[in-house]
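Enquirer: Take a look at this one; I'll ask things after.
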Amino acid sequence: MVLLCSIAAAAATVAQPLVLGRTLDLLLRDGDAGRWLPLSAGLLIGELLLDSLTALFAGRCNAVWTASIRSRALLGMLRAVPDSVRPHPPGDVGTRLTLNAADAGGAPAARAALGASLITPLGALVALAFVDVWVAACVLTGLPALALLLRSFARDTGTSVAAYQRTQSLIATRLLEALEGAATITAAGTGDRERARILAPLTELAAQGRHMWALHGRALGRSNVLVPLLTLAATAVGGLRLAAGDLSVGDLLAACRYAQLTAGVGGAATLLGALVRAREARHRTLELEKMPPLVHGSRRLPPNGPGQLELRDVRVVRDGRQVLCAERLRVPGGSTVAVVGRSGAGKSVLAAVAGRLIDPDEGHVLLDGVPLDRLTREALRTEVAYAFERPVLGEGTIAEAVATGPRQPAPQEVRQAARAAGADRFVRRLPHGYDTPLPEAPLSGGEHQRLGLARAFAHAGRLLVMDDATSSLDTATEHEVNFALRRSVRRGTRLVVAHRPSVADRADLVLWLDEGRVRAVGTHRELWHTADYRAVFGAYETEAHTVTPGAGPVRRHEPAEVPP
């Protein structure tokens, strides 16, 4: 509709000088223009109405396309492998989904307007040739200079706009980092330094903005010189043709107006600038939209499987460095396995691979004998649940936050999961209990984490992966959660990333990672005899541990299956 209205308005603009010139000739000669006068008025009114409709449809078009671009970019990001999203900080993503999406959403309407703006000078040139070919030839000689002007403007503006948008993202990223670390900044007294860090790119942003405006002003300035010169030359040629009797007064009026319209191609710089901004912004939103998705298969898990997890020749490489290597590792179904190791040992990578948040670069991960990448999305997410250190709960009520997942648990299941996670008591104290909106619930870090645990428990399948999901709980609450996990949550395999020796002590097996490799597998009591293993827990080493005298030797991991 924008294109149709723009073309119709351009056609009315092109027709006006011819009709107006004919009307003037008739009035000067006969004193009566007949139907030409109302036709001239109709074209003028029609152009005004069409311009209004163009603006109306352009606004609607921009809104619809902006929403569509934002939705597709967000969906592409959510469907992507989490590791591919990690390089984009929240501030950068926010800028792409707001400012850049709005600029990109204006591209269709800008293209339609630019097309119509080119139709007007081309149509005017054709009409001018019908009025007088010599005046048309005069105008035509100046068009290559205007075309070169626009081409240079588009090239230089594209580079400047891309740099400007990147700097905007940098400022937004630093601002969000400061907001998240506001308590740390206040405690350290580094507010002034942080403010200077956030605003440091403003100098570069201002320089880029001035450069963009200089390019725009230069293009408009040059076109504003060329257009009057072309119009003046066309008027001079037309005047000579009028003096020679080859043109009438109305023809001269039409020729001058057509010369102005033809030379008006230089005025397309503004629309061209908007189109260049939209193109660069679209490149940035497409980076989110085209992120590699996690592709799923068509198989399902065998019914009533125990949840046996296997890693076969698994390798994960990041930036050329191997961060995880598990050659032949089998976690017995129904067991609880604690994953321990120093920082950077690969614990979270193993947790991500085990539930297919990421795919290994080599090897396969199997659940009850079926490779995870062969499972349907529904089968995978129904049977593999996660609990994280910092769960994202959303903005619904407490009950909705716990119930959110691949299936819809009943209200009693939600409450049972909350009790198992140690969340039921504080939820009942809230103003509206489980119906309290999350933004109105004053939650501590531990309470927030317990709601994340409750969600994982409500959706627990045959494999539950807990990646440091109890780090904000005190020891007593953590003990209660572990007790409830064994008795009140669906039976299955538990893979627990542990930092406390008490968690490892309650596990059936401990998987000890060291620099991305499985160093040993055994019970906590067996491994505790090793000094390097005790050193993994650092400050927790002083916790009371009763190690049975004469406990069996440590089972160091060889390329073989982990014994059940």
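Convention: chains lettered A, B, ... in structure tokens order; per-chain residue numbering from 1; ligands numbered from 1 as shown.
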Neighbours of A:Thr167 within 12 Å (only C-alpha atoms; same-chain residues fewer than 3 positions away dropped), as a list in words?

Expert: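 Surrounding residues, per the criterion: Gly91, Asp92, Thr95, Arg96, Ser160, Val161, Ala162, Ala163, Tyr164, Leu170, Ile171, Ala172, Thr173, Arg174, Ile198, Leu199, Ala200, Pro201, Leu202, Thr203, Glu204, Leu205, Ala206, Ala207, Gln208 and Gly209 of chain A.
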
Enquirer: Please dump the current selection as a short mmCIF file (atom, residue, chain, number, x, y, z; two decimals), in the first residue's frame; keep N, CA and C atoms.

Expert:
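The result, written out as result_3.cif:
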data_model
loop_
_atom_site.label_atom_id
_atom_site.label_comp_id
_atom_site.auth_asym_id
_atom_site.auth_seq_id
_atom_site.Cartn_x
_atom_site.Cartn_y
_atom_site.Cartn_z
N GLY A 91 23.61 -6.00 26.82
CA GLY A 91 23.47 -4.65 26.26
C GLY A 91 23.49 -4.66 24.75
N ASP A 92 24.33 -5.50 24.16
CA ASP A 92 24.39 -5.60 22.71
C ASP A 92 23.10 -6.19 22.15
N THR A 95 20.31 -3.59 22.34
CA THR A 95 20.41 -2.58 21.29
C THR A 95 19.94 -3.12 19.95
N ARG A 96 20.31 -4.36 19.66
CA ARG A 96 19.89 -4.97 18.39
C ARG A 96 18.38 -5.14 18.33
N SER A 160 29.96 4.60 8.20
CA SER A 160 29.77 5.41 9.40
C SER A 160 28.64 4.89 10.26
N VAL A 161 27.55 4.48 9.64
CA VAL A 161 26.39 3.98 10.38
C VAL A 161 26.74 2.70 11.13
N ALA A 162 27.47 1.78 10.48
CA ALA A 162 27.86 0.53 11.14
C ALA A 162 28.70 0.80 12.38
N ALA A 163 29.65 1.72 12.28
CA ALA A 163 30.49 2.06 13.43
C ALA A 163 29.66 2.72 14.53
N TYR A 164 28.73 3.58 14.16
CA TYR A 164 27.87 4.25 15.13
C TYR A 164 27.02 3.24 15.91
N LEU A 170 28.10 -0.88 22.59
CA LEU A 170 29.14 -0.90 23.62
C LEU A 170 28.72 -0.10 24.85
N ILE A 171 28.13 1.07 24.64
CA ILE A 171 27.68 1.89 25.77
C ILE A 171 26.57 1.16 26.54
N ALA A 172 25.61 0.58 25.81
CA ALA A 172 24.51 -0.15 26.46
C ALA A 172 25.04 -1.34 27.26
N THR A 173 26.02 -2.04 26.71
CA THR A 173 26.60 -3.20 27.42
C THR A 173 27.27 -2.76 28.71
N ARG A 174 28.06 -1.71 28.66
CA ARG A 174 28.73 -1.23 29.87
C ARG A 174 27.74 -0.73 30.91
N ILE A 198 31.79 3.95 31.44
CA ILE A 198 30.56 3.82 30.65
C ILE A 198 30.49 4.89 29.57
N LEU A 199 30.85 6.11 29.96
CA LEU A 199 30.68 7.24 29.05
C LEU A 199 31.89 7.47 28.13
N ALA A 200 32.95 6.70 28.32
CA ALA A 200 34.16 6.89 27.50
C ALA A 200 33.88 6.81 26.00
N PRO A 201 33.02 5.86 25.54
CA PRO A 201 32.77 5.79 24.09
C PRO A 201 31.95 6.95 23.54
N LEU A 202 31.42 7.82 24.44
CA LEU A 202 30.60 8.93 23.95
C LEU A 202 31.40 9.85 23.02
N THR A 203 32.68 10.02 23.32
CA THR A 203 33.51 10.87 22.46
C THR A 203 33.56 10.31 21.04
N GLU A 204 33.77 8.99 20.98
CA GLU A 204 33.80 8.34 19.67
C GLU A 204 32.43 8.40 19.00
N LEU A 205 31.36 8.20 19.81
CA LEU A 205 30.01 8.24 19.27
C LEU A 205 29.70 9.63 18.71
N ALA A 206 30.11 10.67 19.44
CA ALA A 206 29.87 12.04 18.97
C ALA A 206 30.61 12.30 17.67
N ALA A 207 31.86 11.82 17.59
CA ALA A 207 32.63 12.02 16.36
C ALA A 207 31.98 11.31 15.18
N GLN A 208 31.50 10.09 15.44
CA GLN A 208 30.84 9.34 14.36
C GLN A 208 29.54 10.03 13.95
N GLY A 209 28.79 10.55 14.94
CA GLY A 209 27.55 11.26 14.62
C GLY A 209 27.82 12.51 13.80
#

Enquirer: Give me, as an mmCIF file with all heavy atoms, in the first residue's frame, all polymer residues having an atom no more than 12 Å from A:Gly239, counting only C-alpha atoms and skipping those fewer than 6 positions away in the same chain.

Expert:
data_model
loop_
_atom_site.group_PDB
_atom_site.id
_atom_site.type_symbol
_atom_site.label_atom_id
_atom_site.label_comp_id
_atom_site.auth_asym_id
_atom_site.auth_seq_id
_atom_site.Cartn_x
_atom_site.Cartn_y
_atom_site.Cartn_z
ATOM 1 N N ASP A 132 9.541 19.535 -24.635
ATOM 2 C CA ASP A 132 10.602 20.092 -25.484
ATOM 3 C C ASP A 132 11.863 19.249 -25.296
ATOM 4 O O ASP A 132 12.414 19.163 -24.186
ATOM 5 C CB ASP A 132 10.892 21.547 -25.129
ATOM 6 C CG ASP A 132 11.814 22.199 -26.147
ATOM 7 O OD1 ASP A 132 11.314 22.709 -27.154
ATOM 8 O OD2 ASP A 132 13.047 22.158 -25.907
ATOM 9 N N TRP A 134 14.879 19.763 -26.337
ATOM 10 C CA TRP A 134 16.116 20.486 -26.066
ATOM 11 C C TRP A 134 16.259 20.816 -24.581
ATOM 12 O O TRP A 134 17.361 20.708 -24.025
ATOM 13 C CB TRP A 134 16.165 21.763 -26.901
ATOM 14 C CG TRP A 134 16.279 21.468 -28.370
ATOM 15 C CD1 TRP A 134 15.295 21.556 -29.312
ATOM 16 C CD2 TRP A 134 17.447 20.993 -29.035
ATOM 17 N NE1 TRP A 134 15.765 21.167 -30.539
ATOM 18 C CE2 TRP A 134 17.100 20.816 -30.406
ATOM 19 C CE3 TRP A 134 18.756 20.697 -28.627
ATOM 20 C CZ2 TRP A 134 18.006 20.359 -31.351
ATOM 21 C CZ3 TRP A 134 19.652 20.252 -29.571
ATOM 22 C CH2 TRP A 134 19.288 20.079 -30.915
ATOM 23 N N VAL A 135 15.195 21.178 -23.965
ATOM 24 C CA VAL A 135 15.233 21.423 -22.517
ATOM 25 C C VAL A 135 15.538 20.121 -21.778
ATOM 26 O O VAL A 135 16.310 20.078 -20.811
ATOM 27 C CB VAL A 135 13.906 22.032 -22.037
ATOM 28 C CG1 VAL A 135 13.941 22.239 -20.520
ATOM 29 C CG2 VAL A 135 13.617 23.342 -22.736
ATOM 30 N N THR A 231 18.109 23.772 -13.015
ATOM 31 C CA THR A 231 16.836 24.477 -13.243
ATOM 32 C C THR A 231 17.057 25.788 -13.990
ATOM 33 O O THR A 231 16.298 26.147 -14.914
ATOM 34 C CB THR A 231 16.146 24.750 -11.889
ATOM 35 O OG1 THR A 231 15.989 23.515 -11.183
ATOM 36 C CG2 THR A 231 14.776 25.377 -12.102
ATOM 37 N N LEU A 232 18.109 26.503 -13.599
ATOM 38 C CA LEU A 232 18.423 27.771 -14.272
ATOM 39 C C LEU A 232 18.787 27.538 -15.737
ATOM 40 O O LEU A 232 18.329 28.274 -16.637
ATOM 41 C CB LEU A 232 19.583 28.466 -13.547
ATOM 42 C CG LEU A 232 20.013 29.836 -14.099
ATOM 43 C CD1 LEU A 232 18.860 30.831 -14.002
ATOM 44 C CD2 LEU A 232 21.224 30.349 -13.328
ATOM 45 N N ALA A 233 19.590 26.490 -15.988
ATOM 46 C CA ALA A 233 19.963 26.191 -17.377
ATOM 47 C C ALA A 233 18.737 25.807 -18.192
ATOM 48 O O ALA A 233 18.565 26.240 -19.356
ATOM 49 C CB ALA A 233 20.997 25.066 -17.399
ATOM 50 N N GLY A 245 9.496 31.130 -30.519
ATOM 51 C CA GLY A 245 8.151 30.725 -30.861
ATOM 52 C C GLY A 245 7.928 29.225 -30.873
ATOM 53 O O GLY A 245 6.880 28.757 -31.319
ATOM 54 N N ASP A 246 8.892 28.474 -30.338
ATOM 55 C CA ASP A 246 8.745 27.014 -30.316
ATOM 56 C C ASP A 246 8.049 26.512 -29.059
ATOM 57 O O ASP A 246 7.686 25.335 -28.966
ATOM 58 C CB ASP A 246 10.119 26.352 -30.413
ATOM 59 C CG ASP A 246 10.802 26.648 -31.752
ATOM 60 O OD1 ASP A 246 10.080 26.676 -32.762
ATOM 61 O OD2 ASP A 246 12.033 26.841 -31.757
ATOM 62 N N LEU A 247 7.883 27.400 -28.053
ATOM 63 C CA LEU A 247 7.205 27.028 -26.809
ATOM 64 C C LEU A 247 6.170 28.081 -26.465
ATOM 65 O O LEU A 247 6.372 29.274 -26.746
ATOM 66 C CB LEU A 247 8.206 26.926 -25.647
ATOM 67 C CG LEU A 247 9.126 25.701 -25.561
ATOM 68 C CD1 LEU A 247 10.035 25.829 -24.346
ATOM 69 C CD2 LEU A 247 8.322 24.414 -25.472
ATOM 70 N N SER A 248 5.079 27.623 -25.843
ATOM 71 C CA SER A 248 4.087 28.563 -25.317
ATOM 72 C C SER A 248 4.446 28.898 -23.874
ATOM 73 O O SER A 248 5.340 28.290 -23.288
ATOM 74 C CB SER A 248 2.692 27.934 -25.384
ATOM 75 O OG SER A 248 2.607 26.817 -24.501
ATOM 76 N N VAL A 249 3.709 29.857 -23.292
ATOM 77 C CA VAL A 249 3.952 30.217 -21.889
ATOM 78 C C VAL A 249 3.675 29.023 -20.978
ATOM 79 O O VAL A 249 4.417 28.733 -20.040
ATOM 80 C CB VAL A 249 3.076 31.420 -21.492
ATOM 81 C CG1 VAL A 249 3.220 31.718 -19.997
ATOM 82 C CG2 VAL A 249 3.450 32.648 -22.303
ATOM 83 N N GLY A 250 2.565 28.301 -21.257
ATOM 84 C CA GLY A 250 2.243 27.115 -20.463
ATOM 85 C C GLY A 250 3.296 26.036 -20.608
ATOM 86 O O GLY A 250 3.646 25.353 -19.636
ATOM 87 N N ASP A 251 3.827 25.874 -21.834
ATOM 88 C CA ASP A 251 4.885 24.885 -22.040
ATOM 89 C C ASP A 251 6.141 25.253 -21.254
ATOM 90 O O ASP A 251 6.829 24.376 -20.682
ATOM 91 C CB ASP A 251 5.221 24.768 -23.517
ATOM 92 C CG ASP A 251 4.108 24.090 -24.318
ATOM 93 O OD1 ASP A 251 3.310 23.362 -23.679
ATOM 94 O OD2 ASP A 251 4.049 24.297 -25.546
ATOM 95 N N LEU A 252 6.457 26.561 -21.228
ATOM 96 C CA LEU A 252 7.631 26.997 -20.476
ATOM 97 C C LEU A 252 7.440 26.724 -18.976
ATOM 98 O O LEU A 252 8.377 26.281 -18.294
ATOM 99 C CB LEU A 252 7.888 28.484 -20.717
ATOM 100 C CG LEU A 252 9.074 29.091 -19.942
ATOM 101 C CD1 LEU A 252 10.373 28.389 -20.318
ATOM 102 C CD2 LEU A 252 9.163 30.589 -20.198
ATOM 103 N N LEU A 253 6.219 27.015 -18.483
ATOM 104 C CA LEU A 253 5.924 26.734 -17.075
ATOM 105 C C LEU A 253 6.096 25.243 -16.774
ATOM 106 O O LEU A 253 6.712 24.850 -15.777
ATOM 107 C CB LEU A 253 4.509 27.193 -16.734
ATOM 108 C CG LEU A 253 4.016 26.892 -15.315
ATOM 109 C CD1 LEU A 253 4.859 27.646 -14.279
ATOM 110 C CD2 LEU A 253 2.546 27.250 -15.168
ATOM 111 N N ALA A 255 7.856 23.058 -18.514
ATOM 112 C CA ALA A 255 9.253 22.661 -18.693
ATOM 113 C C ALA A 255 10.082 23.020 -17.469
ATOM 114 O O ALA A 255 10.925 22.224 -17.011
ATOM 115 C CB ALA A 255 9.825 23.334 -19.935
ATOM 116 N N CYS A 256 9.867 24.201 -16.908
ATOM 117 C CA CYS A 256 10.617 24.600 -15.715
ATOM 118 C C CYS A 256 10.295 23.694 -14.523
ATOM 119 O O CYS A 256 11.182 23.291 -13.754
ATOM 120 C CB CYS A 256 10.308 26.064 -15.367
ATOM 121 S SG CYS A 256 10.961 27.243 -16.566
#

Enquirer: Nearest to A:Leu43 among A:Ala351, A:Leu125, A:Leu18, A:Leu27, with distances taken over only C-alpha atoms: which residue is it?

Expert: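 Ranked by minimum distance to A:Leu43, first place goes to A:Leu18.
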
Enquirer: Ranking A:Arg407, A:Arg462, A:Arg356, A:Arg282 by minimum distance to A:Ser68 and counting only C-alpha atoms, which one comes first?

Expert: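 Of the candidates, the smallest distance to A:Ser68 is held by A:Arg282.
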
Enquirer: Would you please work out which residue, of A:Ala259, A:Asp25, A:Ala55, A:Pro17, is nearest to A:Cys5 when using only C-alpha atoms?

Expert: A:Ala55

Enquirer: What lies within 12 Å of stretch 320-322 of chain A using only C-alpha atoms, ignoring chain neighbours under 3 positions off, as a list in words?

Expert: Val314, Arg315, Val316, Val317, Cys325, Ala326, Gly344, Ala345, Gly346, Val349, Pro360, Asp361, Glu362, Asp514, Glu515, Gly516 and Arg517 of chain A

Enquirer: Considering only C-alpha atoms, can you say which of A:Gly334, A:Pro371, A:Gly106, A:Gly31 comes closest to A:Gly297?

Expert: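 For A:Gly297, the nearest of the candidates is A:Pro371.
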
Enquirer: Any idea what's packed within 6 Å of stretch 385-400 of chain A, counting only C-alpha atoms, ignoring anything in its chain fewer than 6 positions away? Could you give it as a list in words?

Expert: Tyr434, Asp435, Thr436, Pro437, Leu438, Gly452, Leu453, Ala456, Ala460, Leu464, Val465, Met466, Asp467, Asp468 and Ala469 of chain A

Enquirer: What parts of stretch 392-547 of chain A does DSSP call strand (DSSP E or B)? I'd like the answer as an MDAnalysis selection string.

Expert: chainID A and resid 397 437 463:467 493:497 509:514 517:522

Enquirer: How many Å lie between atom CA of A:Phe426 and atom CA of A:Glu447, rounded to one decimal?

Expert: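 We find that atom CA of A:Phe426 and atom CA of A:Glu447 lie 7.9 Å from each other.
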
Enquirer: What's the separation between atom CA of A:Leu511 and atom CA of A:Asp373, in Å to one decimal place?

Expert: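 Straight-line distance from atom CA of A:Leu511 to atom CA of A:Asp373 works out to 23.7 Å.
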
Enquirer: Can you work out which one of A:Gly522, A:Pro293, A:Gly333, A:Gly446 has the shortest atom-to-atom distance to A:Val81, counting only C-alpha atoms?

Expert: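 When distances to A:Val81 are compared using only C-alpha atoms, the smallest one comes from A:Pro293.
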
Enquirer: Just want the 8 Å neighbourhood of stretch 301-312 of chain A, counted on only C-alpha atoms, with same-chain residues fewer than 4 positions away dropped. Output as a list of chain:residue names.

Expert: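 Selected residues are A:Ala326, A:Glu327, A:Arg328, A:Leu329, A:Arg330, A:Val331, A:Pro332, A:Gly333, A:Gly334, A:Ala354, A:Gly363, A:His364, A:Val365, A:Leu366, A:Leu367, A:Asp368, A:Gly369, A:Val370, A:Leu375, A:Ala379, A:Arg462, A:Leu463, A:Gly492, A:Thr493.
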
Enquirer: Taking only stretch 204-427 of chain A into account, list the residues labelled helix (DSSP H, G or I) by DSSP (computed from the backbone), as number ranges by chain.

Expert: A: 204-243, 249-289, 347-354, 372-374, 377-383, 398-403, 411-420, 424-427

Enquirer: Mind writing the picked residues with C-alpha atoms as a short mmCIF file (atom, residue, chain, number, x, y, z; two decimals), in the first residue's frame?

Expert:
data_model
loop_
_atom_site.label_atom_id
_atom_site.label_comp_id
_atom_site.auth_asym_id
_atom_site.auth_seq_id
_atom_site.Cartn_x
_atom_site.Cartn_y
_atom_site.Cartn_z
CA GLU A 204 33.80 8.34 19.67
CA LEU A 205 30.01 8.24 19.27
CA ALA A 206 29.87 12.04 18.97
CA ALA A 207 32.63 12.02 16.36
CA GLN A 208 30.84 9.34 14.36
CA GLY A 209 27.55 11.26 14.62
CA ARG A 210 29.19 14.47 13.43
CA HIS A 211 30.77 12.58 10.54
CA MET A 212 27.37 11.16 9.54
CA TRP A 213 25.76 14.58 9.64
CA ALA A 214 28.70 16.04 7.70
CA LEU A 215 28.21 13.42 4.98
CA HIS A 216 24.48 14.11 4.90
CA GLY A 217 24.98 17.88 4.86
CA ARG A 218 27.64 17.63 2.17
CA ALA A 219 25.35 15.55 -0.04
CA LEU A 220 22.41 17.93 0.46
CA GLY A 221 24.63 20.97 -0.04
CA ARG A 222 26.01 19.70 -3.33
CA SER A 223 22.58 18.68 -4.56
CA ASN A 224 21.23 22.09 -3.54
CA VAL A 225 23.87 23.67 -5.78
CA LEU A 226 23.38 21.32 -8.73
CA VAL A 227 19.56 21.44 -8.71
CA PRO A 228 19.27 25.26 -9.04
CA LEU A 229 21.98 25.27 -11.72
CA LEU A 230 20.11 22.64 -13.74
CA THR A 231 16.84 24.48 -13.24
CA LEU A 232 18.42 27.77 -14.27
CA ALA A 233 19.96 26.19 -17.38
CA ALA A 234 16.63 24.59 -18.30
CA THR A 235 14.84 27.93 -17.78
CA ALA A 236 17.38 29.70 -20.02
CA VAL A 237 16.99 27.13 -22.79
CA GLY A 238 13.21 27.27 -22.41
CA GLY A 239 13.26 31.06 -22.58
CA LEU A 240 15.22 30.93 -25.81
CA ARG A 241 12.74 28.41 -27.20
CA LEU A 242 9.86 30.66 -26.11
CA ALA A 243 11.44 33.67 -27.82
CA VAL A 249 3.95 30.22 -21.89
CA GLY A 250 2.24 27.12 -20.46
CA ASP A 251 4.88 24.88 -22.04
CA LEU A 252 7.63 27.00 -20.48
CA LEU A 253 5.92 26.73 -17.08
CA ALA A 254 5.65 22.95 -17.46
CA ALA A 255 9.25 22.66 -18.69
CA CYS A 256 10.62 24.60 -15.72
CA ARG A 257 8.61 22.52 -13.28
CA TYR A 258 9.69 19.27 -14.93
CA ALA A 259 13.31 20.39 -14.81
CA GLN A 260 12.95 20.94 -11.06
CA LEU A 261 11.36 17.52 -10.59
CA THR A 262 14.02 15.78 -12.68
CA ALA A 263 16.86 17.47 -10.82
CA GLY A 264 15.08 16.59 -7.57
CA VAL A 265 16.72 13.15 -7.72
CA GLY A 266 19.41 14.75 -5.56
CA GLY A 267 16.82 15.13 -2.80
CA ALA A 268 16.73 11.33 -2.46
CA ALA A 269 19.80 11.58 -0.18
CA THR A 270 17.61 11.66 2.95
CA LEU A 271 15.69 8.53 1.94
CA LEU A 272 18.90 6.86 0.84
CA GLY A 273 20.46 7.61 4.24
CA ALA A 274 17.47 6.02 6.01
CA LEU A 275 17.77 2.98 3.76
CA VAL A 276 21.49 2.63 4.49
CA ARG A 277 20.82 2.83 8.25
CA ALA A 278 18.10 0.20 7.87
CA ARG A 279 20.42 -2.08 5.90
CA GLU A 280 23.21 -1.92 8.48
CA ALA A 281 20.71 -2.41 11.31
CA ARG A 282 19.21 -5.42 9.52
CA HIS A 283 22.67 -7.00 9.31
CA ARG A 284 22.90 -6.76 13.10
CA THR A 285 19.46 -8.26 13.75
CA LEU A 286 20.14 -11.03 11.22
CA GLU A 287 23.16 -12.09 13.28
CA LEU A 288 20.70 -13.05 16.03
CA GLU A 289 18.09 -14.46 13.67
CA LYS A 347 32.17 -29.17 35.30
CA SER A 348 29.61 -26.86 33.68
CA VAL A 349 30.68 -28.02 30.21
CA LEU A 350 29.99 -31.63 31.24
CA ALA A 351 26.63 -30.57 32.69
CA ALA A 352 25.73 -28.78 29.43
CA VAL A 353 26.78 -31.74 27.27
CA ALA A 354 24.92 -34.26 29.46
CA LEU A 372 20.62 -37.17 22.47
CA ASP A 373 20.86 -35.54 19.04
CA ARG A 374 18.48 -38.17 17.63
CA ARG A 377 12.76 -31.72 21.16
CA GLU A 378 9.75 -32.81 23.20
CA ALA A 379 11.32 -36.15 24.18
CA LEU A 380 14.58 -34.49 25.19
CA ARG A 381 13.15 -31.65 27.27
CA THR A 382 10.48 -33.82 28.89
CA GLU A 383 13.02 -36.35 30.18
CA ILE A 398 5.10 -17.95 41.77
CA ALA A 399 2.95 -20.90 40.66
CA GLU A 400 3.39 -20.03 36.98
CA ALA A 401 7.15 -19.75 37.41
CA VAL A 402 7.38 -23.22 38.95
CA ALA A 403 4.95 -24.75 36.41
CA PRO A 411 -1.30 -27.40 41.23
CA GLN A 412 -0.62 -30.14 43.80
CA GLU A 413 2.51 -31.14 41.86
CA VAL A 414 3.68 -27.52 41.93
CA ARG A 415 3.27 -27.38 45.71
CA GLN A 416 4.94 -30.75 46.19
CA ALA A 417 7.93 -29.59 44.12
CA ALA A 418 8.11 -26.36 46.16
CA ARG A 419 8.09 -28.35 49.40
CA ALA A 420 10.87 -30.59 48.08
CA ASP A 424 6.79 -23.85 50.36
CA ARG A 425 7.21 -22.15 53.74
CA PHE A 426 8.34 -18.76 52.46
CA VAL A 427 5.89 -18.86 49.51
#

Enquirer: Between atom CA of A:Gly191 and atom CA of A:Leu97, what is the spacing in Å?

Expert: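 Separating atom CA of A:Leu97 from atom CA of A:Gly191 is a distance of 28.4 Å.
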